[in-house]
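Visitor: Starting off with a structure, shown below.
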Amino acid sequence: MARKLYELVGAEEDRRFSPYCWRTRMALAHKGLDAETVPWRFTDDDPVVKSCAGRVPVLIDGDLTIWDSLAIAEYIAENFADKLLWPSDRKQRAEARSICAEMHAGFQALRSAMPMNVGARLPARGWNIEVQKDITRIAAIWGARSRFAGTGPFLFGRFGVADAYFAPVVWRFNTYEPDLPGQAAEYMRTMLKLPAMQAWAAEAAHEDEFVADDEPYRAAPA
């Protein structure tokens with residue numbers, strides 16, 4: 001079943017800066033699902049803009065347009081039930097959805113002070129006490145995966161939507177290098193080794209879009 005995934009590239013939405021696009025790509029790529037990814041720059045008269053309020057990523061399936069990353073994840077999981085993108089256990093599935101929703105809407109201090117920038121190395125930049133509260137909470141979520149030791153190295157044993165949702169945070173931590181407790185640091189190392197993570201980083205390395213809000217340490221191009 002073919003899927004066409006449109007993402008906005010440039011102006012804060014390319015592979016270096018866009019966590020929302022990355023989540024969806026990770027969920028698809030790690031599970032071996034076919035997706036055509038199209039760099040997309042919206043204009044006011046673009047029909048995609050009119051159907052999705054100018055938000056990315058957008059998944060187009062025939063006459064259906066889905067423009068929220070969590071809704072896309074749910075749709076993919078329903079269409080490819082054999083890929084087990086959500087835990088099969090009902091209680092674990094509810095917990096996985098809860099932490100995805102928390103990531104989807106929360107951690108504003110971290111998002112603001114440590115914007116995603118794949119490829120950059122900015123140790124300790126952006127740290128403050130509110131950011132540390134977000135880091136501590138995320139580390140606790142990652143550390144809780146020890147309950148599933150023996151079933152796999154990911155948040156609920158096998159890779160799923162929850163791991164895709166936290167993949168951009170893994171790269172934020174790779175960029176800003178906050179101190180993490182042992183289990184959280186181990187999870188981060190596991191995620192960084194994934195071929196889908198490495199492929200995204202390799203693609204990001206070829207981009208050089210300047211975004212002043214996300215790169216205050218970098219001089220604007222002449």
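Residues are named by chain letter and number: chains run A, B, ... in the order of the structure tokens, numbers start at 1 in each chain, and ligands are numbered from 1 in the order shown.
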How close does stretch 87-151 of chain A get to stretch 189-207 of chain A? List, as JSON lines, each residue of stretch 87-151 of chain A within 10 Å, its nearest atom pair and the distance in Å to one decimal, counting only C-alpha atoms.
Guide:
{"residue": "A:Asn117", "atom": "CA", "partner": "A:Ala204", "partner_atom": "CA", "distance": 9.2}
{"residue": "A:Val118", "atom": "CA", "partner": "A:Ala201", "partner_atom": "CA", "distance": 6.4}
{"residue": "A:Gly119", "atom": "CA", "partner": "A:Ala205", "partner_atom": "CA", "distance": 6.6}
{"residue": "A:Ala120", "atom": "CA", "partner": "A:Ala205", "partner_atom": "CA", "distance": 9.7}
Visitor: With N, CA and C atoms retained, write the just-selected residues as a PDB file, in the first residue's frame.
Guide:
ATOM      1  N   ASN A 117      18.633  20.620  16.126  1.00  0.00           N
ATOM      2  CA  ASN A 117      19.583  21.029  15.091  1.00  0.00           C
ATOM      3  C   ASN A 117      20.532  19.860  14.844  1.00  0.00           C
ATOM      4  N   VAL A 118      20.132  18.986  13.939  1.00  0.00           N
ATOM      5  CA  VAL A 118      20.906  17.787  13.651  1.00  0.00           C
ATOM      6  C   VAL A 118      22.263  18.175  13.088  1.00  0.00           C
ATOM      7  N   GLY A 119      23.299  17.583  13.637  1.00  0.00           N
ATOM      8  CA  GLY A 119      24.647  17.839  13.143  1.00  0.00           C
ATOM      9  C   GLY A 119      25.417  18.846  13.962  1.00  0.00           C
ATOM     10  N   ALA A 120      24.720  19.721  14.692  1.00  0.00           N
ATOM     11  CA  ALA A 120      25.408  20.713  15.528  1.00  0.00           C
ATOM     12  C   ALA A 120      25.894  20.059  16.824  1.00  0.00           C
TER      13      ALA A 120
END
Visitor: Please compute the atom CA of A:Ile72-atom CA of A:Gly150 distance, one decimal, in Å.
Guide: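 Between these atoms lies a distance of 29.5 Å.
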Visitor: Might you pull out every residue within 12 Å of A:Glu102, with only C-alpha atoms counted and same-chain residues fewer than 4 positions away left off, and present them as number ranges by chain?
Guide: A: 70, 95-98, 106-108, 134, 137-138, 141, 162, 165-166
Visitor: Taking the chain letters and numbering used in this document, name the residues of stretch 14-215 of chain A that DSSP puts in helix (DSSP H, G or I), as a PyMOL selection string.
Guide: chain A and resi 19-30+47-52+69-79+81-83+90-105+108-113+129-148+161-176+182-192+195-204
Visitor: Quick one: of A:Val170, A:Ala139, A:Leu122, A:Ile60, who's nearest to A:Gln183, counting only C-alpha atoms?
Guide: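 Among the listed residues, A:Ala139 lies closest to A:Gln183.
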Visitor: Just want the 8 Å neighbourhood of A:Ala184, counted on only C-alpha atoms, with same-chain residues fewer than 3 positions away dropped. Output as a list of chain:residue names.
Guide: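 Close residues of A:Ala184: A:Ala139, A:Ala140, A:Trp142, A:Gly143, A:Leu180, A:Pro181, A:Tyr187, A:Met188.
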Visitor: With only C-alpha atoms as the counted atoms, please give the residues lying no more than 7 Å from A:Val131, apart from itself and same-chain residues fewer than 3 positions off, as a PyMOL selection string.
Guide: chain A and resi 109-110+127-128+134-135
Visitor: If you run DSSP on the backbone here, which positions in stretch 19-135 of chain A get strand (DSSP E or B)? Please write them as JSON, numbers by chain.
Guide: {"A": [35, 36, 37, 38, 39, 40, 58, 59, 60, 61, 64, 65, 66]}
Visitor: Give me, as JSON lines, each residue of stretch 133-215 of chain A that comes within 12 Å of stretch 75-85 of chain A, together with its shortest interatomic pair and the distance in Å at one decimal, counting only C-alpha atoms, with rows ordered by chain and rising residue number.
Guide:
{"residue": "A:Phe154", "atom": "CA", "partner": "A:Leu85", "partner_atom": "CA", "distance": 11.9}
{"residue": "A:Leu155", "atom": "CA", "partner": "A:Leu85", "partner_atom": "CA", "distance": 11.7}
{"residue": "A:Phe156", "atom": "CA", "partner": "A:Leu85", "partner_atom": "CA", "distance": 10.2}
{"residue": "A:Gly157", "atom": "CA", "partner": "A:Leu84", "partner_atom": "CA", "distance": 11.1}
{"residue": "A:Arg158", "atom": "CA", "partner": "A:Leu84", "partner_atom": "CA", "distance": 8.4}
{"residue": "A:Phe159", "atom": "CA", "partner": "A:Leu85", "partner_atom": "CA", "distance": 7.2}
{"residue": "A:Gly160", "atom": "CA", "partner": "A:Leu85", "partner_atom": "CA", "distance": 4.3}
{"residue": "A:Val161", "atom": "CA", "partner": "A:Leu85", "partner_atom": "CA", "distance": 5.5}
{"residue": "A:Ala162", "atom": "CA", "partner": "A:Leu85", "partner_atom": "CA", "distance": 8.4}
{"residue": "A:Asp163", "atom": "CA", "partner": "A:Leu85", "partner_atom": "CA", "distance": 9.5}
{"residue": "A:Ala164", "atom": "CA", "partner": "A:Leu85", "partner_atom": "CA", "distance": 9.6}
{"residue": "A:Tyr165", "atom": "CA", "partner": "A:Leu85", "partner_atom": "CA", "distance": 11.5}
Visitor: When you count only C-alpha atoms, which of these residues is closest to A:Ala124: A:Arg111, A:Arg147, A:Cys100, A:Pro178?
Guide: A:Pro178
